[in-house]
file upload20.cif (mmCIF, N, CA, C and O atoms)
data_start
loop_
_atom_site.label_atom_id
_atom_site.label_comp_id
_atom_site.auth_asym_id
_atom_site.auth_seq_id
_atom_site.Cartn_x
_atom_site.Cartn_y
_atom_site.Cartn_z
N MET F 1 -0.88 -8.93 10.07
CA MET F 1 0.33 -8.29 10.53
C MET F 1 -0.04 -6.97 11.21
O MET F 1 -0.74 -6.14 10.64
N LYS F 2 0.45 -6.80 12.42
CA LYS F 2 0.27 -5.56 13.18
C LYS F 2 1.58 -4.79 13.13
O LYS F 2 2.60 -5.27 13.59
N LEU F 3 1.53 -3.59 12.59
CA LEU F 3 2.71 -2.75 12.52
C LEU F 3 2.72 -1.75 13.67
O LEU F 3 1.68 -1.20 14.02
N LEU F 4 3.89 -1.52 14.23
CA LEU F 4 4.09 -0.49 15.23
C LEU F 4 4.97 0.57 14.58
O LEU F 4 6.16 0.35 14.33
N PHE F 5 4.38 1.72 14.23
CA PHE F 5 5.09 2.80 13.57
C PHE F 5 5.83 3.65 14.59
O PHE F 5 5.25 4.07 15.58
N ASP F 6 7.11 3.92 14.32
CA ASP F 6 7.88 4.73 15.25
C ASP F 6 7.70 6.22 14.97
O ASP F 6 6.97 6.61 14.06
N GLN F 7 8.41 7.06 15.74
CA GLN F 7 8.21 8.50 15.69
C GLN F 7 8.61 9.13 14.37
O GLN F 7 8.21 10.25 14.08
N ASN F 8 9.40 8.46 13.56
CA ASN F 8 9.82 9.01 12.27
C ASN F 8 8.76 8.87 11.19
O ASN F 8 8.97 9.33 10.07
N LEU F 9 7.69 8.21 11.51
CA LEU F 9 6.59 8.00 10.56
C LEU F 9 5.33 8.66 11.10
O LEU F 9 5.16 8.82 12.31
N SER F 10 4.43 9.00 10.22
CA SER F 10 3.22 9.72 10.60
C SER F 10 2.32 8.89 11.53
O SER F 10 2.11 7.70 11.31
N TYR F 11 1.77 9.58 12.51
CA TYR F 11 0.82 8.93 13.43
C TYR F 11 -0.48 8.59 12.71
O TYR F 11 -1.31 7.85 13.24
N ARG F 12 -0.66 9.10 11.49
CA ARG F 12 -1.88 8.81 10.72
C ARG F 12 -1.81 7.47 9.97
O ARG F 12 -2.82 6.97 9.49
N LEU F 13 -0.63 6.91 9.83
CA LEU F 13 -0.47 5.69 9.04
C LEU F 13 -1.31 4.51 9.51
O LEU F 13 -1.87 3.80 8.68
N PRO F 14 -1.43 4.26 10.81
CA PRO F 14 -2.25 3.11 11.21
C PRO F 14 -3.68 3.16 10.68
O PRO F 14 -4.24 2.14 10.27
N ILE F 15 -4.25 4.35 10.64
CA ILE F 15 -5.61 4.51 10.13
C ILE F 15 -5.63 4.36 8.61
O ILE F 15 -6.51 3.71 8.05
N ARG F 16 -4.62 4.91 7.96
CA ARG F 16 -4.58 4.91 6.49
C ARG F 16 -4.35 3.53 5.90
O ARG F 16 -4.73 3.28 4.75
N VAL F 17 -3.73 2.63 6.66
CA VAL F 17 -3.47 1.28 6.13
C VAL F 17 -4.22 0.20 6.93
O VAL F 17 -3.90 -0.98 6.82
N ALA F 18 -5.22 0.61 7.67
CA ALA F 18 -5.94 -0.34 8.54
C ALA F 18 -6.61 -1.46 7.76
O ALA F 18 -6.79 -2.57 8.29
N ASP F 19 -6.96 -1.22 6.51
CA ASP F 19 -7.59 -2.27 5.71
C ASP F 19 -6.63 -3.42 5.41
O ASP F 19 -7.04 -4.57 5.28
N LEU F 20 -5.33 -3.13 5.32
CA LEU F 20 -4.33 -4.16 5.04
C LEU F 20 -3.57 -4.62 6.28
O LEU F 20 -3.12 -5.77 6.34
N TYR F 21 -3.40 -3.73 7.23
CA TYR F 21 -2.63 -4.02 8.43
C TYR F 21 -3.47 -3.66 9.67
O TYR F 21 -3.17 -2.69 10.37
N PRO F 22 -4.52 -4.45 9.91
CA PRO F 22 -5.42 -4.12 11.03
C PRO F 22 -4.70 -4.20 12.38
O PRO F 22 -3.73 -4.94 12.53
N HIS F 23 -5.17 -3.41 13.31
CA HIS F 23 -4.65 -3.38 14.68
C HIS F 23 -3.24 -2.81 14.78
O HIS F 23 -2.56 -3.02 15.78
N SER F 24 -2.81 -2.13 13.72
CA SER F 24 -1.52 -1.46 13.78
C SER F 24 -1.64 -0.23 14.67
O SER F 24 -2.75 0.25 14.94
N ALA F 25 -0.49 0.28 15.11
CA ALA F 25 -0.51 1.42 16.04
C ALA F 25 0.72 2.28 15.79
O ALA F 25 1.69 1.86 15.16
N HIS F 26 0.66 3.49 16.31
CA HIS F 26 1.79 4.40 16.30
C HIS F 26 2.23 4.58 17.75
O HIS F 26 1.41 4.55 18.67
N ILE F 27 3.51 4.80 17.97
CA ILE F 27 4.00 4.91 19.35
C ILE F 27 3.46 6.14 20.07
O ILE F 27 3.35 6.14 21.29
N ARG F 28 3.09 7.18 19.33
CA ARG F 28 2.63 8.43 19.94
C ARG F 28 1.42 8.25 20.86
O ARG F 28 1.48 8.63 22.03
N PRO F 29 0.30 7.69 20.38
CA PRO F 29 -0.85 7.54 21.29
C PRO F 29 -0.61 6.50 22.40
O PRO F 29 -1.36 6.46 23.38
N LEU F 30 0.43 5.70 22.24
CA LEU F 30 0.76 4.71 23.27
C LEU F 30 1.64 5.31 24.37
O LEU F 30 2.00 4.64 25.33
N GLY F 31 2.02 6.58 24.20
CA GLY F 31 2.86 7.25 25.19
C GLY F 31 4.32 6.85 25.09
O GLY F 31 5.08 7.03 26.04
N LEU F 32 4.74 6.35 23.93
CA LEU F 32 6.11 5.88 23.76
C LEU F 32 6.96 6.80 22.87
O LEU F 32 8.07 6.43 22.50
N GLU F 33 6.46 8.00 22.55
CA GLU F 33 7.19 8.85 21.61
C GLU F 33 8.54 9.30 22.13
O GLU F 33 9.44 9.61 21.35
N LYS F 34 8.74 9.30 23.43
CA LYS F 34 10.04 9.70 24.00
C LYS F 34 10.80 8.50 24.55
O LYS F 34 11.86 8.66 25.15
N ALA F 35 10.26 7.31 24.33
CA ALA F 35 10.90 6.09 24.84
C ALA F 35 12.12 5.74 23.99
O ALA F 35 12.18 6.04 22.80
N GLY F 36 13.06 5.09 24.60
CA GLY F 36 14.25 4.62 23.89
C GLY F 36 13.92 3.41 23.03
O GLY F 36 12.86 2.78 23.18
N ASP F 37 14.83 3.12 22.12
CA ASP F 37 14.62 1.99 21.21
C ASP F 37 14.41 0.68 21.97
O ASP F 37 13.63 -0.16 21.53
N ASP F 38 15.09 0.51 23.10
CA ASP F 38 14.95 -0.73 23.85
C ASP F 38 13.53 -0.89 24.40
O ASP F 38 12.99 -2.00 24.43
N VAL F 39 12.92 0.20 24.82
CA VAL F 39 11.55 0.15 25.35
C VAL F 39 10.57 -0.16 24.22
O VAL F 39 9.66 -0.98 24.37
N ILE F 40 10.75 0.51 23.08
CA ILE F 40 9.87 0.26 21.93
C ILE F 40 10.04 -1.18 21.45
O ILE F 40 9.05 -1.86 21.15
N TRP F 41 11.26 -1.66 21.42
CA TRP F 41 11.55 -3.04 21.02
C TRP F 41 10.80 -4.02 21.93
O TRP F 41 10.14 -4.94 21.46
N GLU F 42 10.91 -3.81 23.21
CA GLU F 42 10.26 -4.71 24.16
C GLU F 42 8.74 -4.63 24.06
O GLU F 42 8.06 -5.65 24.15
N TYR F 43 8.21 -3.43 23.88
CA TYR F 43 6.76 -3.27 23.72
C TYR F 43 6.28 -4.04 22.48
O TYR F 43 5.28 -4.77 22.54
N ALA F 44 7.00 -3.89 21.38
CA ALA F 44 6.63 -4.60 20.15
C ALA F 44 6.70 -6.12 20.36
O ALA F 44 5.80 -6.85 19.94
N LYS F 45 7.72 -6.55 21.03
CA LYS F 45 7.90 -7.99 21.29
C LYS F 45 6.77 -8.53 22.15
O LYS F 45 6.17 -9.57 21.84
N GLN F 46 6.43 -7.84 23.22
CA GLN F 46 5.40 -8.30 24.15
C GLN F 46 3.99 -8.24 23.56
O GLN F 46 3.10 -8.96 24.01
N ASN F 47 3.80 -7.38 22.55
CA ASN F 47 2.46 -7.18 21.99
C ASN F 47 2.33 -7.65 20.54
O ASN F 47 1.38 -7.28 19.86
N SER F 48 3.27 -8.45 20.10
CA SER F 48 3.24 -9.09 18.76
C SER F 48 3.15 -8.10 17.61
O SER F 48 2.40 -8.31 16.65
N PHE F 49 3.91 -7.02 17.70
CA PHE F 49 3.98 -6.05 16.61
C PHE F 49 5.21 -6.31 15.76
O PHE F 49 6.23 -6.82 16.24
N VAL F 50 5.14 -5.88 14.51
CA VAL F 50 6.29 -5.74 13.64
C VAL F 50 6.63 -4.25 13.65
O VAL F 50 5.75 -3.42 13.40
N ILE F 51 7.87 -3.90 13.96
CA ILE F 51 8.25 -2.49 14.01
C ILE F 51 8.45 -1.97 12.59
O ILE F 51 9.18 -2.57 11.79
N ALA F 52 7.80 -0.85 12.27
CA ALA F 52 7.98 -0.17 11.00
C ALA F 52 8.69 1.15 11.30
O ALA F 52 8.21 1.94 12.10
N SER F 53 9.83 1.34 10.66
CA SER F 53 10.66 2.49 11.01
C SER F 53 11.45 2.98 9.81
O SER F 53 11.68 2.24 8.85
N LYS F 54 11.89 4.23 9.89
CA LYS F 54 12.87 4.77 8.95
C LYS F 54 14.24 4.82 9.63
O LYS F 54 15.20 5.31 9.06
N ASP F 55 14.31 4.32 10.84
CA ASP F 55 15.50 4.39 11.69
C ASP F 55 16.33 3.11 11.53
O ASP F 55 15.86 2.02 11.84
N ASN F 56 17.56 3.26 11.08
CA ASN F 56 18.45 2.11 10.92
C ASN F 56 18.75 1.40 12.24
O ASN F 56 19.17 0.24 12.23
N ASP F 57 18.56 2.08 13.36
CA ASP F 57 18.86 1.46 14.65
C ASP F 57 18.04 0.20 14.88
O ASP F 57 18.54 -0.78 15.42
N PHE F 58 16.79 0.20 14.47
CA PHE F 58 15.96 -1.00 14.64
C PHE F 58 16.43 -2.12 13.72
O PHE F 58 16.42 -3.28 14.09
N LEU F 59 16.88 -1.78 12.52
CA LEU F 59 17.43 -2.78 11.61
C LEU F 59 18.67 -3.42 12.24
O LEU F 59 18.81 -4.64 12.25
N LEU F 60 19.56 -2.60 12.78
CA LEU F 60 20.76 -3.12 13.43
C LEU F 60 20.41 -3.99 14.63
O LEU F 60 21.02 -5.04 14.85
N ARG F 61 19.43 -3.57 15.39
CA ARG F 61 19.00 -4.34 16.55
C ARG F 61 18.48 -5.71 16.10
O ARG F 61 18.74 -6.73 16.74
N SER F 62 17.75 -5.75 14.98
CA SER F 62 17.23 -7.03 14.49
C SER F 62 18.37 -7.94 14.04
O SER F 62 18.29 -9.17 14.20
N LEU F 63 19.44 -7.35 13.49
CA LEU F 63 20.59 -8.15 13.09
C LEU F 63 21.33 -8.70 14.31
O LEU F 63 21.84 -9.83 14.27
N LEU F 64 21.36 -7.93 15.39
CA LEU F 64 22.03 -8.38 16.60
C LEU F 64 21.23 -9.40 17.40
O LEU F 64 21.77 -10.37 17.90
N PHE F 65 19.93 -9.13 17.55
CA PHE F 65 19.11 -9.92 18.46
C PHE F 65 18.14 -10.86 17.77
O PHE F 65 17.48 -11.66 18.43
N GLY F 66 18.01 -10.76 16.46
CA GLY F 66 17.03 -11.60 15.77
C GLY F 66 15.62 -11.11 16.06
O GLY F 66 15.40 -9.95 16.35
N HIS F 67 14.70 -12.01 16.00
CA HIS F 67 13.30 -11.65 16.24
C HIS F 67 12.68 -12.64 17.19
O HIS F 67 13.23 -13.73 17.38
N PRO F 68 11.57 -12.38 17.81
CA PRO F 68 10.74 -11.19 17.66
C PRO F 68 11.33 -9.99 18.39
O PRO F 68 12.13 -10.18 19.28
N PRO F 69 10.87 -8.81 18.04
CA PRO F 69 9.96 -8.49 16.95
C PRO F 69 10.70 -8.40 15.62
O PRO F 69 11.91 -8.20 15.57
N LYS F 70 9.96 -8.55 14.56
CA LYS F 70 10.50 -8.34 13.23
C LYS F 70 10.52 -6.84 12.95
O LYS F 70 9.80 -6.08 13.61
N VAL F 71 11.34 -6.44 11.97
CA VAL F 71 11.51 -5.02 11.66
C VAL F 71 11.36 -4.80 10.16
O VAL F 71 11.95 -5.54 9.36
N VAL F 72 10.57 -3.80 9.82
CA VAL F 72 10.47 -3.33 8.43
C VAL F 72 11.11 -1.95 8.38
O VAL F 72 10.66 -1.03 9.05
N LEU F 73 12.19 -1.84 7.60
CA LEU F 73 12.85 -0.56 7.41
C LEU F 73 12.28 0.08 6.15
O LEU F 73 12.36 -0.51 5.07
N ILE F 74 11.73 1.25 6.29
CA ILE F 74 11.20 1.99 5.16
C ILE F 74 12.29 2.96 4.71
O ILE F 74 12.49 4.01 5.31
N ALA F 75 13.00 2.56 3.67
CA ALA F 75 14.19 3.28 3.22
C ALA F 75 13.84 4.22 2.07
O ALA F 75 14.29 4.05 0.94
N LEU F 76 13.04 5.21 2.37
CA LEU F 76 12.60 6.17 1.35
C LEU F 76 13.18 7.56 1.55
O LEU F 76 12.91 8.44 0.75
N GLY F 77 13.95 7.78 2.60
CA GLY F 77 14.46 9.11 2.87
C GLY F 77 13.31 10.04 3.24
O GLY F 77 12.23 9.60 3.62
N ASN F 78 13.54 11.33 3.11
CA ASN F 78 12.47 12.29 3.40
C ASN F 78 11.41 12.19 2.32
O ASN F 78 11.72 12.32 1.14
N CYS F 79 10.19 11.93 2.73
CA CYS F 79 9.10 11.80 1.78
C CYS F 79 7.79 12.06 2.48
O CYS F 79 7.71 12.11 3.70
N ARG F 80 6.76 12.20 1.70
CA ARG F 80 5.43 12.43 2.23
C ARG F 80 4.82 11.13 2.73
O ARG F 80 5.23 10.04 2.31
N THR F 81 3.85 11.25 3.59
CA THR F 81 3.15 10.08 4.13
C THR F 81 2.51 9.27 3.02
O THR F 81 2.46 8.04 3.09
N ASN F 82 2.07 9.94 1.95
CA ASN F 82 1.48 9.22 0.82
C ASN F 82 2.45 8.21 0.22
O ASN F 82 2.05 7.13 -0.22
N ALA F 83 3.73 8.56 0.17
CA ALA F 83 4.74 7.65 -0.39
C ALA F 83 4.93 6.43 0.51
O ALA F 83 5.08 5.30 0.01
N VAL F 84 4.92 6.63 1.82
CA VAL F 84 5.04 5.51 2.75
C VAL F 84 3.81 4.61 2.63
O VAL F 84 3.93 3.38 2.55
N GLU F 85 2.64 5.22 2.59
CA GLU F 85 1.42 4.44 2.42
C GLU F 85 1.47 3.65 1.11
O GLU F 85 1.11 2.46 1.08
N ALA F 86 1.91 4.28 0.05
CA ALA F 86 1.96 3.61 -1.26
C ALA F 86 2.88 2.39 -1.23
O ALA F 86 2.54 1.34 -1.79
N ILE F 87 4.03 2.51 -0.58
CA ILE F 87 4.94 1.36 -0.54
C ILE F 87 4.38 0.24 0.34
O ILE F 87 4.52 -0.93 0.02
N LEU F 88 3.72 0.60 1.43
CA LEU F 88 3.11 -0.43 2.28
C LEU F 88 1.99 -1.16 1.53
O LEU F 88 1.81 -2.37 1.69
N ARG F 89 1.25 -0.44 0.73
CA ARG F 89 0.20 -1.05 -0.07
C ARG F 89 0.78 -1.87 -1.23
O ARG F 89 0.39 -3.00 -1.47
N GLY F 90 1.73 -1.28 -1.93
CA GLY F 90 2.30 -1.93 -3.10
C GLY F 90 3.11 -3.17 -2.79
O GLY F 90 3.24 -4.07 -3.63
N ARG F 91 3.65 -3.24 -1.59
CA ARG F 91 4.49 -4.38 -1.20
C ARG F 91 3.79 -5.29 -0.18
O ARG F 91 4.44 -6.05 0.53
N HIS F 92 2.47 -5.21 -0.14
CA HIS F 92 1.70 -5.99 0.83
C HIS F 92 2.00 -7.49 0.75
O HIS F 92 2.19 -8.14 1.78
N SER F 93 2.07 -8.04 -0.45
CA SER F 93 2.34 -9.48 -0.56
C SER F 93 3.73 -9.81 -0.03
O SER F 93 3.92 -10.85 0.62
N ASP F 94 4.71 -8.94 -0.26
CA ASP F 94 6.06 -9.15 0.30
C ASP F 94 6.03 -9.08 1.82
O ASP F 94 6.72 -9.85 2.50
N MET F 95 5.24 -8.17 2.33
CA MET F 95 5.11 -8.03 3.79
C MET F 95 4.50 -9.29 4.40
O MET F 95 4.96 -9.76 5.45
N MET F 96 3.49 -9.84 3.76
CA MET F 96 2.85 -11.05 4.29
C MET F 96 3.81 -12.24 4.23
O MET F 96 3.88 -13.04 5.16
N ALA F 97 4.56 -12.35 3.14
CA ALA F 97 5.56 -13.43 3.03
C ALA F 97 6.64 -13.27 4.10
O ALA F 97 7.07 -14.26 4.71
N PHE F 98 7.07 -12.04 4.35
CA PHE F 98 8.05 -11.75 5.38
C PHE F 98 7.54 -12.18 6.75
O PHE F 98 8.25 -12.81 7.53
N GLU F 99 6.29 -11.85 7.04
CA GLU F 99 5.71 -12.22 8.34
C GLU F 99 5.71 -13.73 8.53
O GLU F 99 5.96 -14.22 9.63
N GLN F 100 5.45 -14.47 7.48
CA GLN F 100 5.36 -15.93 7.57
C GLN F 100 6.72 -16.64 7.56
O GLN F 100 6.80 -17.80 7.93
N ASP F 101 7.77 -15.96 7.15
CA ASP F 101 9.10 -16.56 7.08
C ASP F 101 9.71 -16.67 8.48
O ASP F 101 10.05 -15.65 9.09
N PRO F 102 9.87 -17.87 9.00
CA PRO F 102 10.38 -18.02 10.36
C PRO F 102 11.83 -17.59 10.53
O PRO F 102 12.30 -17.39 11.65
N ASN F 103 12.56 -17.46 9.44
CA ASN F 103 13.98 -17.09 9.52
C ASN F 103 14.25 -15.61 9.30
O ASN F 103 15.35 -15.14 9.57
N ALA F 104 13.28 -14.87 8.78
CA ALA F 104 13.48 -13.47 8.45
C ALA F 104 13.25 -12.58 9.67
O ALA F 104 12.20 -12.65 10.30
N ALA F 105 14.24 -11.74 9.95
CA ALA F 105 14.11 -10.80 11.07
C ALA F 105 13.83 -9.39 10.60
O ALA F 105 13.29 -8.59 11.34
N SER F 106 14.21 -9.08 9.34
CA SER F 106 14.02 -7.72 8.85
C SER F 106 13.72 -7.73 7.36
O SER F 106 14.07 -8.66 6.63
N LEU F 107 13.06 -6.65 6.94
CA LEU F 107 12.72 -6.44 5.54
C LEU F 107 12.96 -4.96 5.24
O LEU F 107 12.55 -4.10 6.02
N ILE F 108 13.62 -4.68 4.13
CA ILE F 108 13.87 -3.30 3.71
C ILE F 108 12.97 -2.99 2.53
O ILE F 108 13.00 -3.70 1.52
N LEU F 109 12.16 -1.95 2.68
CA LEU F 109 11.30 -1.48 1.60
C LEU F 109 11.89 -0.19 1.05
O LEU F 109 12.13 0.75 1.78
N SER F 110 12.12 -0.17 -0.25
CA SER F 110 12.66 1.04 -0.88
C SER F 110 12.02 1.24 -2.24
O SER F 110 11.33 0.40 -2.75
#

call {"tool": "encode", "arguments": {"input": "upload20.cif", "output": "structure tokens"}}
result
Amino acid sequence: MKLLFDQNLSYRLPIRVADLYPHSAHIRPLGLEKAGDDVIWEYAKQNSFVIASKDNDFLLRSLLFGHPPKVVLIALGNCRTNAVEAILRGRHSDMMAFEQDPNAASLILS
């Protein structure tokens, strides 16, 4: 699973979880930090990413348009990057099952 982290998440996350989610990326080094949700959505779709966000807008978009791309909503509120990393690690098996489910468009991690 390749995660595309949006601007609400640390740009360090792709490196910190690379052992579990190889080839993940953050929108910042891709030059997408000021892009609208539609541009990020299309980029994720064209490049086989799962969008990881704290932004409900991507969750709503997945409900409207389905997938691809799939969306993981990290519903932790304001928290440190360590907490986001911990949930991505702790819920890895759920994430893998979500990726394999052909009917699932979104997953909420809390």

call {"tool": "atom_distance", "arguments": {"input": "upload20.cif", "atom1": "atom CA of F:Ser10", "atom2": "atom N of F:Ser62"}}
result
21.7 Å

call {"tool": "resolve_selection", "arguments": {"input": "upload20.cif", "expression": "the PyMOL selection byres ((chain F and resi 24-38) around 8)", "output": "VMD selection string"}}
result
chain F and resid 1 to 15 17 to 18 20 to 23 39 to 45 49 to 52 57 to 58

call {"tool": "resolve_selection", "arguments": {"input": "upload20.cif", "expression": "the PyMOL selection byres ((chain F and resi 106) around 7)", "output": "tab-separated table (two decimals) with N, CA, C and O atoms, in the coordinates of the input"}}
result
chain	number	residue	atom	x	y	z
F	59	LEU	N	16.88	-1.78	12.52
F	59	LEU	CA	17.43	-2.78	11.61
F	59	LEU	C	18.67	-3.42	12.24
F	59	LEU	O	18.81	-4.64	12.25
F	62	SER	N	17.75	-5.75	14.98
F	62	SER	CA	17.23	-7.03	14.49
F	62	SER	C	18.37	-7.94	14.04
F	62	SER	O	18.29	-9.17	14.20
F	63	LEU	N	19.44	-7.35	13.49
F	63	LEU	CA	20.59	-8.15	13.09
F	63	LEU	C	21.33	-8.70	14.31
F	63	LEU	O	21.84	-9.83	14.27
F	69	PRO	N	10.87	-8.81	18.04
F	69	PRO	CA	9.96	-8.49	16.95
F	69	PRO	C	10.70	-8.40	15.62
F	69	PRO	O	11.91	-8.20	15.57
F	70	LYS	N	9.96	-8.55	14.56
F	70	LYS	CA	10.50	-8.34	13.23
F	70	LYS	C	10.52	-6.84	12.95
F	70	LYS	O	9.80	-6.08	13.61
F	71	VAL	N	11.34	-6.44	11.97
F	71	VAL	CA	11.51	-5.02	11.66
F	71	VAL	C	11.36	-4.80	10.16
F	71	VAL	O	11.95	-5.54	9.36
F	72	VAL	N	10.57	-3.80	9.82
F	72	VAL	CA	10.47	-3.33	8.43
F	72	VAL	C	11.11	-1.95	8.38
F	72	VAL	O	10.66	-1.03	9.05
F	73	LEU	N	12.19	-1.84	7.60
F	73	LEU	CA	12.85	-0.56	7.41
F	73	LEU	C	12.28	0.08	6.15
F	73	LEU	O	12.36	-0.51	5.07
F	98	PHE	N	7.07	-12.04	4.35
F	98	PHE	CA	8.05	-11.75	5.38
F	98	PHE	C	7.54	-12.18	6.75
F	98	PHE	O	8.25	-12.81	7.53
F	103	ASN	N	12.56	-17.46	9.44
F	103	ASN	CA	13.98	-17.09	9.52
F	103	ASN	C	14.25	-15.61	9.30
F	103	ASN	O	15.35	-15.14	9.57
F	104	ALA	N	13.28	-14.87	8.78
F	104	ALA	CA	13.48	-13.47	8.45
F	104	ALA	C	13.25	-12.58	9.67
F	104	ALA	O	12.20	-12.65	10.30
F	105	ALA	N	14.24	-11.74	9.95
F	105	ALA	CA	14.11	-10.80	11.07
F	105	ALA	C	13.83	-9.39	10.60
F	105	ALA	O	13.29	-8.59	11.34
F	107	LEU	N	13.06	-6.65	6.94
F	107	LEU	CA	12.72	-6.44	5.54
F	107	LEU	C	12.96	-4.96	5.24
F	107	LEU	O	12.55	-4.10	6.02
F	108	ILE	N	13.62	-4.68	4.13
F	108	ILE	CA	13.87	-3.30	3.71
F	108	ILE	C	12.97	-2.99	2.53
F	108	ILE	O	13.00	-3.70	1.52

call {"tool": "select_by_dssp", "arguments": {"input": "upload20.cif", "residues": "chain F", "states": "helix (DSSP H, G or I)", "output": "PyMOL selection string"}}
result
chain F and resi 13-16+37-46+56-65+81-90+92-100

call {"tool": "residues_around", "arguments": {"input": "upload20.cif", "residues": "stretch 84-93 of chain F", "least_positions_apart": "2", "cutoff": "8 Å", "atoms": "only C-alpha atoms", "output": "PyMOL selection string"}}
result
chain F and resi 13+16-17+20+74+76+79-82+95-97+109-110

call {"tool": "atom_distance", "arguments": {"input": "upload20.cif", "atom1": "atom O of F:Asp101", "atom2": "atom N of F:Gly77"}}
result
24.6 Å

call {"tool": "select_by_dssp", "arguments": {"input": "upload20.cif", "residues": "chain F", "states": "strand (DSSP E)", "output": "list in words"}}
result
Leu3, Leu4, Phe5, Ala25, His26, Val50, Ile51, Ala52, Ser53, Val71, Val72, Leu73, Ile74, Ser106, Leu107, Ile108 and Leu109 of chain F

call {"tool": "atom_distance", "arguments": {"input": "upload20.cif", "atom1": "atom CA of F:Gln46", "atom2": "atom CA of F:Leu64"}}
result
18.3 Å

call {"tool": "axis_aligned_box", "arguments": {"input": "upload20.cif", "around": "stretch 43-49 of chain F", "padding_each_side": "8 Å", "output": "JSON"}}
result
{"center_x": 4.8, "center_y": -6.4, "center_z": 20.0, "size_x": 22.8, "size_y": 22.3, "size_z": 24.4}

call {"tool": "decode", "arguments": {"input": "upload20.cif", "residues": "stretch 36-72 of chain F", "atoms": "C-alpha atoms", "output": "PDB file, in the first residue's frame"}}
result
ATOM      1  CA  GLY F  36      -6.898  21.726  -4.362  1.00  0.00           C
ATOM      2  CA  ASP F  37      -8.467  18.490  -3.226  1.00  0.00           C
ATOM      3  CA  ASP F  38      -9.485  17.666  -6.798  1.00  0.00           C
ATOM      4  CA  VAL F  39      -5.867  17.840  -7.992  1.00  0.00           C
ATOM      5  CA  ILE F  40      -4.618  15.703  -5.098  1.00  0.00           C
ATOM      6  CA  TRP F  41      -7.450  13.235  -5.707  1.00  0.00           C
ATOM      7  CA  GLU F  42      -6.548  12.900  -9.370  1.00  0.00           C
ATOM      8  CA  TYR F  43      -2.823  12.577  -8.609  1.00  0.00           C
ATOM      9  CA  ALA F  44      -3.545   9.778  -6.123  1.00  0.00           C
ATOM     10  CA  LYS F  45      -5.824   8.061  -8.614  1.00  0.00           C
ATOM     11  CA  GLN F  46      -3.332   8.242 -11.490  1.00  0.00           C
ATOM     12  CA  ASN F  47      -0.425   7.055  -9.325  1.00  0.00           C
ATOM     13  CA  SER F  48      -2.160   4.286  -7.335  1.00  0.00           C
ATOM     14  CA  PHE F  49      -1.965   5.989  -3.945  1.00  0.00           C
ATOM     15  CA  VAL F  50      -4.297   5.679  -0.981  1.00  0.00           C
ATOM     16  CA  ILE F  51      -4.905   9.181   0.399  1.00  0.00           C
ATOM     17  CA  ALA F  52      -4.118   9.524   4.117  1.00  0.00           C
ATOM     18  CA  SER F  53      -5.643  12.647   5.605  1.00  0.00           C
ATOM     19  CA  LYS F  54      -7.072  14.307   8.677  1.00  0.00           C
ATOM     20  CA  ASP F  55      -9.371  16.251   6.337  1.00  0.00           C
ATOM     21  CA  ASN F  56     -13.011  15.130   6.193  1.00  0.00           C
ATOM     22  CA  ASP F  57     -13.249  16.520   2.655  1.00  0.00           C
ATOM     23  CA  PHE F  58     -11.450  13.480   1.244  1.00  0.00           C
ATOM     24  CA  LEU F  59     -13.761  11.155   3.181  1.00  0.00           C
ATOM     25  CA  LEU F  60     -16.788  12.946   1.724  1.00  0.00           C
ATOM     26  CA  ARG F  61     -15.277  12.793  -1.743  1.00  0.00           C
ATOM     27  CA  SER F  62     -14.821   9.023  -1.372  1.00  0.00           C
ATOM     28  CA  LEU F  63     -18.476   8.686  -0.378  1.00  0.00           C
ATOM     29  CA  LEU F  64     -19.546  10.684  -3.432  1.00  0.00           C
ATOM     30  CA  PHE F  65     -17.206   9.256  -6.045  1.00  0.00           C
ATOM     31  CA  GLY F  66     -16.157   5.881  -4.668  1.00  0.00           C
ATOM     32  CA  HIS F  67     -12.664   4.708  -5.437  1.00  0.00           C
ATOM     33  CA  PRO F  68      -9.983   4.804  -6.692  1.00  0.00           C
ATOM     34  CA  PRO F  69      -8.356   6.362  -4.858  1.00  0.00           C
ATOM     35  CA  LYS F  70      -9.181   4.924  -1.483  1.00  0.00           C
ATOM     36  CA  VAL F  71      -9.072   7.220   1.551  1.00  0.00           C
ATOM     37  CA  VAL F  72      -7.822   6.683   5.087  1.00  0.00           C
TER      38      VAL F  72
END
